[in-house]
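K.L.:
This is data-v1.cif (mmCIF, C-alpha atoms).
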data_work
loop_
_atom_site.label_atom_id
_atom_site.label_comp_id
_atom_site.auth_asym_id
_atom_site.auth_seq_id
_atom_site.Cartn_x
_atom_site.Cartn_y
_atom_site.Cartn_z
CA MET E 1 115.17 181.51 106.78
CA ALA E 2 115.16 183.29 103.41
CA LYS E 3 112.24 185.63 102.79
CA LEU E 4 109.70 184.44 100.23
CA VAL E 5 109.62 186.75 97.21
CA TYR E 6 107.01 186.64 94.45
CA GLY E 7 107.39 187.93 90.89
CA LYS E 8 104.96 190.12 88.96
CA ASP E 9 103.36 186.99 87.53
CA GLY E 10 102.61 185.74 91.05
CA ARG E 11 105.11 182.86 91.07
CA LEU E 12 107.49 182.18 93.93
CA LEU E 13 111.04 183.20 93.00
CA PHE E 14 114.28 181.41 93.85
CA THR E 15 116.33 184.24 95.36
CA LYS E 16 120.04 184.81 95.98
CA GLU E 17 119.45 184.23 99.69
CA MET E 18 117.86 180.85 98.89
CA LYS E 19 120.94 179.83 96.92
CA LYS E 20 122.94 179.91 100.15
CA GLU E 21 120.44 178.00 102.29
CA TYR E 22 118.28 175.78 100.08
CA THR E 23 118.78 172.21 98.87
CA ILE E 24 117.76 171.83 95.22
CA LEU E 25 116.28 168.49 94.14
CA MET E 26 116.93 167.22 90.59
CA PRO E 27 114.84 164.44 88.98
CA GLY E 28 116.71 161.33 87.87
CA MET E 29 117.00 160.46 84.18
CA LEU E 30 120.56 159.63 83.07
CA PRO E 31 122.57 158.48 86.13
CA ILE E 32 126.03 159.22 84.71
CA HIS E 33 125.18 162.51 83.02
CA PHE E 34 123.14 163.90 85.90
CA SER E 35 125.68 162.94 88.57
CA LEU E 36 128.26 165.05 86.70
CA LEU E 37 125.82 167.94 86.26
CA ARG E 38 125.08 167.82 89.98
CA GLU E 39 128.76 168.21 90.85
CA LEU E 40 129.08 171.07 88.39
CA LEU E 41 126.21 172.93 90.05
CA VAL E 42 127.82 172.31 93.46
CA LEU E 43 130.99 173.90 92.07
CA TYR E 44 128.89 176.97 91.22
CA GLY E 45 127.68 177.28 94.81
CA TYR E 46 124.37 175.37 94.70
CA ARG E 47 123.34 172.62 97.10
CA VAL E 48 121.97 169.93 94.81
CA GLU E 49 120.69 166.41 95.41
CA LEU E 50 119.85 163.93 92.65
CA LEU E 51 116.70 161.86 93.17
CA ASP E 52 117.18 158.19 92.35
CA TYR E 53 114.25 156.42 94.04
CA THR E 54 112.26 154.41 91.45
CA GLY E 55 109.79 152.46 93.61
CA PRO E 56 106.10 152.06 92.71
CA GLU E 57 105.18 154.85 95.14
CA VAL E 58 106.55 157.36 92.62
CA ILE E 59 103.91 156.66 89.98
CA ASP E 60 101.21 156.29 92.65
CA THR E 61 102.07 159.79 93.88
CA GLY E 62 102.18 161.13 90.34
CA LEU E 63 98.72 159.76 89.56
CA LYS E 64 97.38 161.28 92.76
CA TYR E 65 98.49 164.82 91.98
CA VAL E 66 98.66 164.88 88.14
CA HIS E 67 95.64 164.33 85.89
CA ASN E 68 95.74 160.87 84.30
CA ASP E 69 95.32 162.44 80.85
CA ILE E 70 98.75 164.10 81.09
CA CYS E 71 101.78 162.42 79.50
CA TYR E 72 103.47 159.66 81.46
CA PRO E 73 106.87 161.39 81.91
CA ALA E 74 105.12 164.33 83.64
CA GLN E 75 103.43 161.93 86.03
CA LEU E 76 106.76 160.29 86.85
CA VAL E 77 108.82 163.46 87.29
CA ILE E 78 106.20 165.24 89.40
CA GLY E 79 105.50 162.06 91.35
CA GLN E 80 109.22 161.68 92.12
CA PHE E 81 109.42 165.28 93.36
CA ILE E 82 106.34 165.16 95.60
CA HIS E 83 107.22 161.70 96.93
CA ALA E 84 110.65 163.03 97.96
CA LEU E 85 109.13 166.08 99.65
CA GLN E 86 106.65 163.89 101.53
CA SER E 87 109.38 161.52 102.72
CA GLY E 88 110.29 163.74 105.68
CA LYS E 89 113.92 163.83 104.59
CA TYR E 90 113.89 167.50 103.61
CA ASP E 91 113.08 170.79 105.33
CA LEU E 92 110.24 172.09 103.18
CA ASN E 93 111.16 175.65 104.10
CA LYS E 94 114.66 175.17 102.70
CA THR E 95 114.09 172.99 99.63
CA ALA E 96 113.67 173.93 95.95
CA LEU E 97 112.97 171.90 92.81
CA PHE E 98 114.95 171.99 89.57
CA ILE E 99 113.24 171.18 86.26
CA THR E 100 114.21 171.68 82.61
CA GLN E 101 111.90 173.11 79.95
CA THR E 102 112.30 173.04 76.18
CA GLY E 103 109.98 175.96 75.48
CA GLY E 104 108.31 174.21 72.55
CA GLY E 105 104.75 173.13 71.91
CA CYS E 106 105.26 169.82 73.71
CA ARG E 107 103.57 169.47 77.08
CA ALA E 108 107.07 169.35 78.62
CA SER E 109 106.77 173.13 78.64
CA ASN E 110 103.78 172.74 80.96
CA TYR E 111 105.48 170.45 83.50
CA ILE E 112 106.46 173.38 85.66
CA HIS E 113 102.87 174.63 85.93
CA LEU E 114 101.59 171.11 86.60
CA LEU E 115 104.25 170.73 89.29
CA ARG E 116 103.24 173.96 91.00
CA LYS E 117 99.62 172.85 90.86
CA GLY E 118 100.60 169.57 92.51
CA LEU E 119 102.58 171.37 95.22
CA LYS E 120 99.54 173.55 95.95
CA ALA E 121 97.30 170.48 96.20
CA VAL E 122 99.63 168.87 98.72
CA GLY E 123 100.11 172.08 100.75
CA MET E 124 103.73 172.77 99.77
CA GLU E 125 103.39 176.07 97.98
CA GLN E 126 106.42 177.45 99.82
CA VAL E 127 108.73 175.20 97.74
CA PRO E 128 110.12 177.25 94.80
CA VAL E 129 110.43 175.65 91.37
CA ILE E 130 113.43 176.63 89.20
CA SER E 131 112.90 176.52 85.45
CA VAL E 132 116.05 175.71 83.48
CA ASN E 133 115.57 176.76 79.87
CA LEU E 134 117.18 178.60 76.97
CA SER E 135 113.99 180.38 75.99
CA GLY E 136 113.93 183.06 78.68
CA MET E 137 110.53 181.79 79.87
CA GLU E 138 111.15 182.20 83.61
CA LYS E 139 114.02 183.89 85.41
CA ASN E 140 115.12 183.62 89.02
CA PRO E 141 117.55 185.96 90.84
CA GLY E 142 119.21 182.98 92.55
CA PHE E 143 119.84 180.88 89.45
CA LYS E 144 121.49 182.06 86.26
CA LEU E 145 122.39 179.92 83.29
CA THR E 146 125.56 181.75 82.24
CA LEU E 147 127.59 180.99 79.11
CA PRO E 148 130.54 179.47 81.08
CA LEU E 149 128.12 177.26 83.02
CA MET E 150 126.36 176.14 79.82
CA LEU E 151 129.66 175.21 78.15
CA LYS E 152 130.69 173.15 81.15
CA MET E 153 127.28 171.46 81.19
CA ILE E 154 127.88 170.54 77.56
CA TYR E 155 131.26 168.98 78.42
CA CYS E 156 129.71 166.98 81.27
CA CYS E 157 126.98 165.65 78.98
CA PHE E 158 129.54 164.65 76.35
CA TYR E 159 131.43 162.77 79.08
CA GLY E 160 128.17 160.99 79.89
CA ASP E 161 127.51 160.15 76.23
CA LEU E 162 131.02 158.76 75.81
CA LEU E 163 130.85 156.58 78.92
CA MET E 164 127.38 155.32 77.95
CA LEU E 165 128.49 154.46 74.41
CA LEU E 166 131.66 152.61 75.46
CA ALA E 167 130.01 150.86 78.39
CA ASN E 168 127.14 149.50 76.29
CA ARG E 169 129.61 148.15 73.75
CA CYS E 170 131.97 146.55 76.26
CA ARG E 171 129.35 145.21 78.65
CA ALA E 172 127.83 143.04 75.92
CA TYR E 173 131.11 141.30 75.05
CA GLU E 174 133.35 141.55 78.12
CA VAL E 175 135.23 138.38 79.04
CA ASN E 176 135.49 139.28 82.72
CA LYS E 177 131.95 140.03 83.85
CA GLY E 178 131.55 143.24 85.80
CA GLU E 179 134.78 144.79 84.52
CA THR E 180 132.94 147.38 82.41
CA ASP E 181 130.70 148.58 85.24
CA ARG E 182 133.68 148.89 87.56
CA LEU E 183 135.51 151.03 85.01
CA VAL E 184 132.43 153.23 84.50
CA LYS E 185 132.26 153.81 88.24
CA GLN E 186 136.00 154.60 88.40
CA TRP E 187 135.72 157.19 85.64
CA GLN E 188 132.53 158.60 87.09
CA GLU E 189 134.25 159.12 90.44
CA LYS E 190 137.36 160.53 88.76
CA LEU E 191 135.37 163.03 86.70
CA ILE E 192 133.32 164.08 89.73
CA SER E 193 136.49 164.73 91.72
CA GLU E 194 138.00 166.67 88.81
CA ILE E 195 135.01 168.97 88.51
CA SER E 196 135.88 170.48 91.90
CA ASN E 197 138.79 172.18 90.11
CA PRO E 198 137.52 174.61 87.42
CA MET E 199 140.81 174.24 85.49
CA ASN E 200 139.84 170.67 84.66
CA LEU E 201 136.81 171.95 82.76
CA ARG E 202 138.89 173.76 80.17
CA TYR E 203 138.20 172.27 76.77
CA ALA E 204 141.80 171.27 76.12
CA TYR E 205 141.69 169.09 79.23
CA VAL E 206 138.24 167.70 78.37
CA LYS E 207 139.54 166.71 74.93
CA GLN E 208 142.46 164.86 76.53
CA ASN E 209 140.03 163.04 78.80
CA PHE E 210 138.07 161.80 75.79
CA SER E 211 141.20 159.97 74.63
CA ARG E 212 142.03 158.71 78.13
CA ILE E 213 138.53 157.30 78.61
CA ALA E 214 138.53 155.55 75.21
CA ALA E 215 142.00 154.11 75.87
CA ASP E 216 140.93 152.71 79.24
CA PHE E 217 137.85 150.99 77.82
CA ALA E 218 139.92 149.65 74.92
CA ARG E 219 141.93 147.63 77.47
CA ILE E 220 138.85 145.60 78.43
CA GLU E 221 139.13 142.11 76.94
CA LEU E 222 136.20 141.45 74.61
CA LYS E 223 134.88 138.35 72.88
CA LEU E 224 133.15 139.80 69.80
CA GLU E 225 130.76 136.95 69.02
CA PRO E 226 127.57 137.42 66.95
CA LYS E 227 124.81 139.01 69.01
CA VAL E 228 121.47 140.66 68.39
CA ARG E 229 122.02 144.41 68.45
CA VAL E 230 119.09 146.50 69.67
CA GLY E 231 118.69 150.27 69.52
CA ILE E 232 116.51 152.25 71.93
CA VAL E 233 114.82 155.42 70.71
CA GLY E 234 111.77 157.44 71.71
CA GLU E 235 110.68 160.27 73.99
CA ILE E 236 113.76 161.58 75.79
CA TYR E 237 112.72 160.73 79.37
CA ILE E 238 111.31 157.28 78.62
CA LYS E 239 114.27 156.46 76.37
CA TYR E 240 116.84 157.08 79.09
CA ALA E 241 115.21 156.84 82.53
CA PRO E 242 115.00 153.33 84.06
CA LEU E 243 111.99 154.59 86.04
CA GLY E 244 110.20 155.43 82.80
CA ASN E 245 111.04 152.35 80.69
CA ASN E 246 110.93 149.67 83.39
CA HIS E 247 114.71 149.16 83.25
CA LEU E 248 114.58 148.36 79.53
CA GLU E 249 118.35 148.40 79.06
CA GLU E 250 118.87 145.84 81.83
CA PHE E 251 116.16 143.62 80.34
CA LEU E 252 117.76 143.64 76.88
CA GLU E 253 121.15 142.82 78.39
CA SER E 254 119.56 139.90 80.25
CA GLU E 255 118.35 138.68 76.84
CA ASN E 256 122.00 138.57 75.65
CA CYS E 257 121.72 141.64 73.41
CA GLU E 258 124.06 144.51 72.69
CA VAL E 259 122.20 147.73 73.50
CA ILE E 260 122.79 150.91 71.49
CA ILE E 261 121.32 154.20 72.74
CA PRO E 262 121.81 157.49 70.86
CA GLY E 263 123.54 160.15 72.94
CA LEU E 264 121.87 163.02 74.79
CA MET E 265 123.89 165.66 72.93
CA ASP E 266 122.14 164.89 69.63
CA PHE E 267 118.94 166.04 71.32
CA ILE E 268 120.64 169.25 72.47
CA SER E 269 121.96 169.82 68.94
CA PHE E 270 118.45 169.16 67.64
CA LYS E 271 117.00 171.86 69.91
CA ALA E 272 119.67 174.35 68.82
CA ASP E 273 119.05 173.44 65.19
CA ASN E 274 115.31 174.08 65.66
CA ARG E 275 116.03 177.75 66.34
CA TYR E 276 118.26 177.93 63.28
CA SER E 277 115.72 176.17 61.05
CA ASP E 278 112.89 178.36 62.35
CA ALA E 279 114.68 181.45 61.05
CA GLU E 280 115.06 179.82 57.63
CA LEU E 281 111.51 178.48 57.43
CA TYR E 282 109.50 181.23 59.08
CA GLY E 283 111.81 184.23 59.36
CA GLY E 284 112.85 185.87 62.62
CA ARG E 285 115.65 187.78 64.27
CA LYS E 286 119.08 187.36 62.71
CA ILE E 287 120.74 187.44 66.12
CA ALA E 288 118.80 184.31 67.20
CA ARG E 289 119.92 182.53 64.03
CA MET E 290 123.55 183.56 64.60
CA VAL E 291 123.57 182.43 68.24
CA SER E 292 122.01 179.10 67.28
CA LYS E 293 124.61 178.58 64.56
CA LEU E 294 127.45 179.31 67.01
CA LEU E 295 126.06 176.74 69.46
CA ILE E 296 125.60 174.13 66.71
CA ASP E 297 129.19 174.68 65.53
CA LYS E 298 130.53 174.37 69.09
CA LEU E 299 128.64 171.13 69.67
CA ASP E 300 129.93 169.79 66.35
CA ILE E 301 133.54 170.55 67.34
CA VAL E 302 133.21 168.71 70.65
CA LYS E 303 131.43 165.72 69.09
CA THR E 304 134.08 165.52 66.35
CA ASP E 305 136.82 165.26 68.97
CA MET E 306 134.83 162.64 70.87
CA ARG E 307 134.35 160.67 67.65
CA LYS E 308 138.09 160.80 66.94
CA ALA E 309 138.84 159.39 70.40
CA VAL E 310 136.45 156.47 69.83
CA SER E 311 137.57 155.85 66.22
CA ALA E 312 141.13 155.21 67.39
CA TYR E 313 140.02 151.70 68.45
CA PRO E 314 138.51 149.28 65.90
CA GLN E 315 136.41 147.43 68.49
CA PHE E 316 134.31 150.56 68.99
CA GLU E 317 131.89 152.31 66.64
CA ALA E 318 132.00 156.10 66.74
CA PRO E 319 128.70 157.98 66.48
CA ASN E 320 127.99 159.91 63.30
CA SER E 321 127.93 163.70 63.12
CA PHE E 322 124.72 165.58 63.76
CA SER E 323 124.75 166.93 60.20
CA HIS E 324 124.79 163.34 58.89
CA LEU E 325 121.83 162.49 61.12
CA LYS E 326 119.93 165.52 59.84
CA GLU E 327 120.61 164.56 56.23
CA LEU E 328 119.10 161.10 56.75
CA VAL E 329 115.55 162.36 57.34
CA LYS E 330 115.23 163.99 53.92
CA GLY E 331 112.35 162.34 52.12
CA TYR E 332 110.80 161.23 55.41
CA VAL E 333 109.84 164.30 57.43
CA GLY E 334 110.51 168.04 57.25
CA TYR E 335 112.75 170.04 59.58
CA GLY E 336 109.74 172.02 60.73
CA ASN E 337 108.59 168.91 62.61
CA LYS E 338 110.20 169.84 65.91
CA MET E 339 107.67 169.19 68.69
CA GLY E 340 109.07 166.83 71.29
CA GLU E 341 111.79 164.80 69.58
CA GLY E 342 110.35 165.68 66.14
CA TRP E 343 112.41 164.64 63.13
CA LEU E 344 115.28 163.58 65.40
CA LEU E 345 113.36 160.46 66.42
CA THR E 346 112.85 159.46 62.79
CA GLY E 347 116.51 160.20 62.06
CA GLU E 348 117.75 158.08 64.96
CA MET E 349 115.83 155.03 63.71
CA ILE E 350 117.18 155.44 60.17
CA GLU E 351 120.72 155.98 61.48
CA LEU E 352 120.58 152.81 63.59
CA ILE E 353 119.42 150.76 60.59
CA HIS E 354 122.21 152.18 58.41
CA GLU E 355 124.72 151.28 61.14
CA ASN E 356 123.65 147.61 61.10
CA VAL E 357 121.29 147.92 64.06
CA PRO E 358 117.96 147.04 62.40
CA ASN E 359 116.32 145.91 65.65
CA ILE E 360 114.78 148.90 67.42
CA VAL E 361 112.56 149.48 70.44
CA CYS E 362 110.65 152.73 69.99
CA THR E 363 109.52 153.82 73.46
CA GLN E 364 106.15 155.59 73.33
CA PRO E 365 104.86 157.22 76.54
CA PHE E 366 101.14 157.67 76.94
CA GLY E 367 99.94 161.10 75.86
CA CYS E 368 103.00 161.94 73.75
CA LEU E 369 101.54 163.06 70.41
CA PRO E 370 104.91 164.10 68.83
CA ASN E 371 106.34 160.63 69.35
CA HIS E 372 103.27 158.91 67.93
CA VAL E 373 103.72 161.02 64.79
CA ALA E 374 107.53 161.06 64.33
CA GLY E 375 108.06 157.66 65.94
CA LYS E 376 105.24 155.16 65.53
CA GLY E 377 103.81 157.08 62.58
CA MET E 378 107.03 156.78 60.56
CA ILE E 379 107.69 153.07 61.09
CA ARG E 380 105.76 151.95 58.00
CA LEU E 381 107.70 154.25 55.66
CA ILE E 382 111.02 153.36 57.31
CA LYS E 383 110.31 149.64 56.82
CA LYS E 384 109.28 150.24 53.23
CA ASN E 385 112.61 151.92 52.46
CA ASN E 386 114.65 149.61 54.72
CA PRO E 387 113.36 146.00 54.41
CA THR E 388 115.68 144.72 57.16
CA ALA E 389 114.12 147.04 59.76
CA ASN E 390 112.70 145.18 62.76
CA ILE E 391 111.00 147.87 64.85
CA VAL E 392 108.57 147.49 67.74
CA ALA E 393 106.75 150.44 69.35
CA ILE E 394 106.20 149.87 73.07
CA ASP E 395 103.71 151.96 75.05
CA TYR E 396 104.69 153.05 78.56
CA ASP E 397 101.97 154.28 80.88
CA PRO E 398 100.59 153.50 84.36
CA GLY E 399 98.27 150.85 82.94
CA SER E 400 100.86 148.94 80.91
CA THR E 401 102.35 145.92 82.65
CA LYS E 402 106.04 145.14 82.47
CA VAL E 403 105.22 141.54 81.48
CA ASN E 404 103.25 142.62 78.39
CA GLN E 405 105.96 145.09 77.37
CA GLU E 406 108.71 142.50 77.68
CA ASN E 407 106.71 139.84 75.84
CA ARG E 408 106.28 142.17 72.85
CA ILE E 409 110.01 142.91 72.90
CA ARG E 410 110.78 139.17 73.07
CA LEU E 411 108.73 138.66 69.90
CA MET E 412 110.86 141.30 68.15
CA LEU E 413 114.02 139.60 69.45
CA SER E 414 112.77 136.24 68.16
CA ASN E 415 112.48 137.73 64.68
CA ALA E 416 115.94 139.29 65.06
CA ARG E 417 117.54 135.98 66.03
CA GLU E 418 115.89 134.23 63.08
CA GLN E 419 117.20 136.88 60.69
CA MET E 420 120.68 136.56 62.19
CA ARG E 421 120.56 132.76 61.77
CA LEU E 422 119.56 133.10 58.10
CA GLN E 423 122.34 135.62 57.46
CA GLN E 424 124.93 133.31 59.02
CA GLU E 425 123.69 130.40 56.89
CA GLN E 426 123.96 132.54 53.76
CA LYS E 427 127.51 133.52 54.66
CA SER E 428 128.41 129.89 55.28
CA GLU E 429 126.94 128.83 51.92
CA SER E 430 128.81 131.63 50.14
CA LYS E 431 132.12 130.52 51.67
CA THR E 432 131.42 126.91 50.68
CA GLN E 433 130.68 127.96 47.10
CA GLU E 434 133.87 130.01 46.97
CA LYS E 435 135.93 127.02 48.12
CA GLU E 436 134.29 124.74 45.54
CA THR E 437 134.97 127.29 42.79
CA VAL E 438 138.62 127.53 43.81
CA SER E 439 139.05 123.73 43.92
CA VAL E 440 137.50 123.33 40.44
CA SER E 441 139.83 125.99 39.06
#
Taking this structure as input, can you express it in the form of structure tokens?
P.N.:
Amino acid sequence: MAKLVYGKDGRLLFTKEMKKEYTILMPGMLPIHFSLLRELLVLYGYRVELLDYTGPEVIDTGLKYVHNDICYPAQLVIGQFIHALQSGKYDLNKTALFITQTGGGCRASNYIHLLRKGLKAVGMEQVPVISVNLSGMEKNPGFKLTLPLMLKMIYCCFYGDLLMLLANRCRAYEVNKGETDRLVKQWQEKLISEISNPMNLRYAYVKQNFSRIAADFARIELKLEPKVRVGIVGEIYIKYAPLGNNHLEEFLESENCEVIIPGLMDFISFKADNRYSDAELYGGRKIARMVSKLLIDKLDIVKTDMRKAVSAYPQFEAPNSFSHLKELVKGYVGYGNKMGEGWLLTGEMIELIHENVPNIVCTQPFGCLPNHVAGKGMIRLIKKNNPTANIVAIDYDPGSTKVNQENRIRLMLSNAREQMRLQQEQKSESKTQEKETVSVS
């Protein structure tokens, strides 16, 4: 068994010896994205397992070991970790936990300390916690976030964004039910198998795969009938994780809606842009500004190629560039608003409305101040400037019932269907008037 080593700050380190022996547990959030990231880490010599259990015991465990005044995503993530460790499935002397940190003022930066506190309370202090961040907050000898690894992580996340975008579009209109999900699974398995060969993670090959994926989904037969289109925005975990939003995407699909969810990579671009904007607003090291700009430019190149692949087929709608998204928030909120999702959340709502998706569910986890400011707090101004906006803010916390959440969403959908009916009537009347004008002439 690997020897336990502690750093100068007293925390348990993940050592090089542990890398060889330990199983690392990852929390679930985006099934497609995280399954690809898991395989990538396996390629780099780590033993990684993705947690996917979403039963009620997860939140019960989270509430037991995390103060109920802490934000809901923290309760869920920590609850999922401790529940897995208590399941008896893992050797506690050969298991580590993997958690991301943004390094900002959001309480997400405190998850790791809350997690260690929970492990201590349950008597599992020997389980090391690996912080994955770009801020240099915590370092471990056995885990290094190298530049080649980061670039490949970016490619995997773009794959996930592309599959999510195309699947949500096709699933809503597919003629042969289940065809979209089968194709998603086929590509997921194909990409996972390809990751085992590092040559397949060269950008030239990734770019080719963008086109191959779009071409495959374009072969799905669609019946593009009028449907209510609903966007999902909000705090990053609650927006994406079925555990956090009570399977919101599945519920909207059951209500015969097309679901549109902004991609993960816009959030990554947002975090990189924060560093760049900080240097402009508050000053700072030029090297940090240069590195941030290089990362932003790289992400823009990859997204541009992904957009081109999607734009080749008229039945799909390619996502806008990050620079376009950033431009939309002018007059709403400043770029210094960066805690949590910050101005990005406001921008995503405006972008959806401009792309003919006026119906939006803004997911608000309990205890998330940034989202109540940049999300719920901006709805009034957004509606004032965009009269067609039909936005509902839904709170997610241990005390909110799924029935109440869904009933509030159904009310929003009722308004959306009424607006769609009125628009169709107006179009019909316009066509009738045009015909009458032509006949008179």
K.L.:
At a cut-off of 10 Å from (98.4, 179.1, 95.8) in the coordinates of the file, what residues are picked up using only C-alpha atoms, written as a ChimeraX atom specification?
P.N.:
/E:10-12,116-117,119-121,123-126
K.L.:
Write to file, as a short mmCIF file (atom, residue, chain, number, x, y, z; two decimals), keeping the file's coordinate frame, the residues of the selection just made, with C-alpha atoms.
P.N.:
data_model
loop_
_atom_site.label_atom_id
_atom_site.label_comp_id
_atom_site.auth_asym_id
_atom_site.auth_seq_id
_atom_site.Cartn_x
_atom_site.Cartn_y
_atom_site.Cartn_z
CA GLY E 10 102.61 185.74 91.05
CA ARG E 11 105.11 182.86 91.07
CA LEU E 12 107.49 182.18 93.93
CA ARG E 116 103.24 173.96 91.00
CA LYS E 117 99.62 172.85 90.86
CA LEU E 119 102.58 171.37 95.22
CA LYS E 120 99.54 173.55 95.95
CA ALA E 121 97.30 170.48 96.20
CA GLY E 123 100.11 172.08 100.75
CA MET E 124 103.73 172.77 99.77
CA GLU E 125 103.39 176.07 97.98
CA GLN E 126 106.42 177.45 99.82
#
K.L.:
Which residues fall under the PyMOL selection byres ((chain E and resi 307) around 10) in this file, as an NGL selection string?
P.N.:
:E and (162 or 210-211 or 301-306 or 308-312 or 317-321)
K.L.:
Rounded to one decimal place, report the atom CA of E:Gly340-atom CA of E:Asn371 distance in Å.
P.N.:
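Separating atom CA of E:Gly340 from atom CA of E:Asn371 is a distance of 7.0 Å.
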K.L.:
Can you list what the PyMOL selection byres ((chain E and resi 184-186) around 12) grabs from this structure, as a ChimeraX atom specification?
P.N.:
/E:31-33,35,159-168,170-171,178-183,187-193,213-214,216-217,220
K.L.:
For atom CA of E:Ile59 and atom CA of E:Gly79, determine how far apart the two atoms are, in Å to one decimal place.
P.N.:
5.8 Å
K.L.:
The PyMOL selection byres ((chain E and resi 99) around 12) on the file shown: which residues, as an NGL selection string?
P.N.:
:E and (24-29 or 50 or 74 or 77-78 or 80-81 or 96-98 or 100-102 or 108-116 or 128-133 or 138)
K.L.:
Please list as number ranges by chain every residue within 9 Å of E:Ala84, counting only C-alpha atoms and excluding residues in the same chain fewer than 6 positions away.
P.N.:
E: 25, 51, 53, 58, 90
K.L.:
Neighbouring residues of E:Val5 were defined as those with any atom within 8 Å, considering all atoms listed in the file; residues of the same chain fewer than 3 positions away were excluded. Please report them as a list in words.
P.N.:
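Result of the neighbour search: Leu12, Leu13, Phe14 and Thr15 of chain E.
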K.L.:
Rank E:Asn140, E:Thr401, E:Ser277, E:Asn356 by their smallest atom-to-atom distance to E:Lys227, using only C-alpha atoms, and report the top residue only.
P.N.:
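Under the stated criterion, the closest residue is E:Asn356.
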K.L.:
Would you be able to write out as a list in words which residues have an atom within 12 Å of (116.0, 182.6, 106.4) in the file's coordinates, counting all atoms listed in the file?
P.N.:
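Here the neighbourhood of the point contains Met1, Ala2, Lys3, Leu4, Val5, Thr15, Lys16, Glu17, Met18, Lys19, Lys20, Glu21, Tyr22, Asn93, Lys94 and Thr95 of chain E.
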K.L.:
Please provide as a VMD selection string all residues within 9 Å of E:Lys293, with the sequence filter that same-chain residues fewer than 4 positions apart are discarded (counting only C-alpha atoms).
P.N.:
chain E and resid 272 to 273 275 to 276 288 to 289 297 to 298
K.L.:
For atom CA of E:Glu341 and atom CA of E:Leu201, quote the distance in Å rounded to one decimal.
P.N.:
29.2 Å
K.L.:
Go through E:Ile360, E:Ala215, E:Val259, E:Met153 and flag the residue nearest E:Ala416, using only C-alpha atoms for the distances.
P.N.:
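Looking only at the distances to E:Ala416, the closest residue turns out to be E:Ile360.
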K.L.:
Considering all atoms listed in the file, state which residue in the set E:Phe251, E:Trp343, E:Tyr335, E:Phe322 is at the smallest distance from E:His372.
P.N.:
E:Trp343
K.L.:
Show me, as a PyMOL selection string, the residues that have an atom within 7 Å of stretch 237-245 of chain E when counting only C-alpha atoms, minus same-chain residues fewer than 3 positions from it.
P.N.:
chain E and resi 29-30+54+73+232-234+248+363+365+396
K.L.:
Select, from E:Arg285, E:Phe316, E:Asn415, E:Gly7, the residue with the minimum atom-to-atom distance to E:Lys139, counting only C-alpha atoms.
P.N.:
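Ranking E:Arg285, E:Phe316, E:Asn415, E:Gly7 by distance to E:Lys139, first place goes to E:Gly7.
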K.L.:
Please determine, counting only C-alpha atoms, which residue among E:Leu294, E:Val228, E:Cys362, E:Leu264 has the shortest atom-to-atom distance to E:Gln419.
P.N.:
E:Val228
K.L.:
Which residue, E:Leu134, E:Thr23, E:Lys152, E:Thr146, has the smallest gap to E:Leu36 when you use all atoms listed in the file?
P.N.:
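Answer, going by the shortest atom-to-atom distance: E:Lys152.
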K.L.:
At a cut-off of 10 Å, using all atoms listed in the file, what residues contact E:Val392? Leave out same-chain residues fewer than 5 positions from it and give the result as a count of residues only.
P.N.:
12
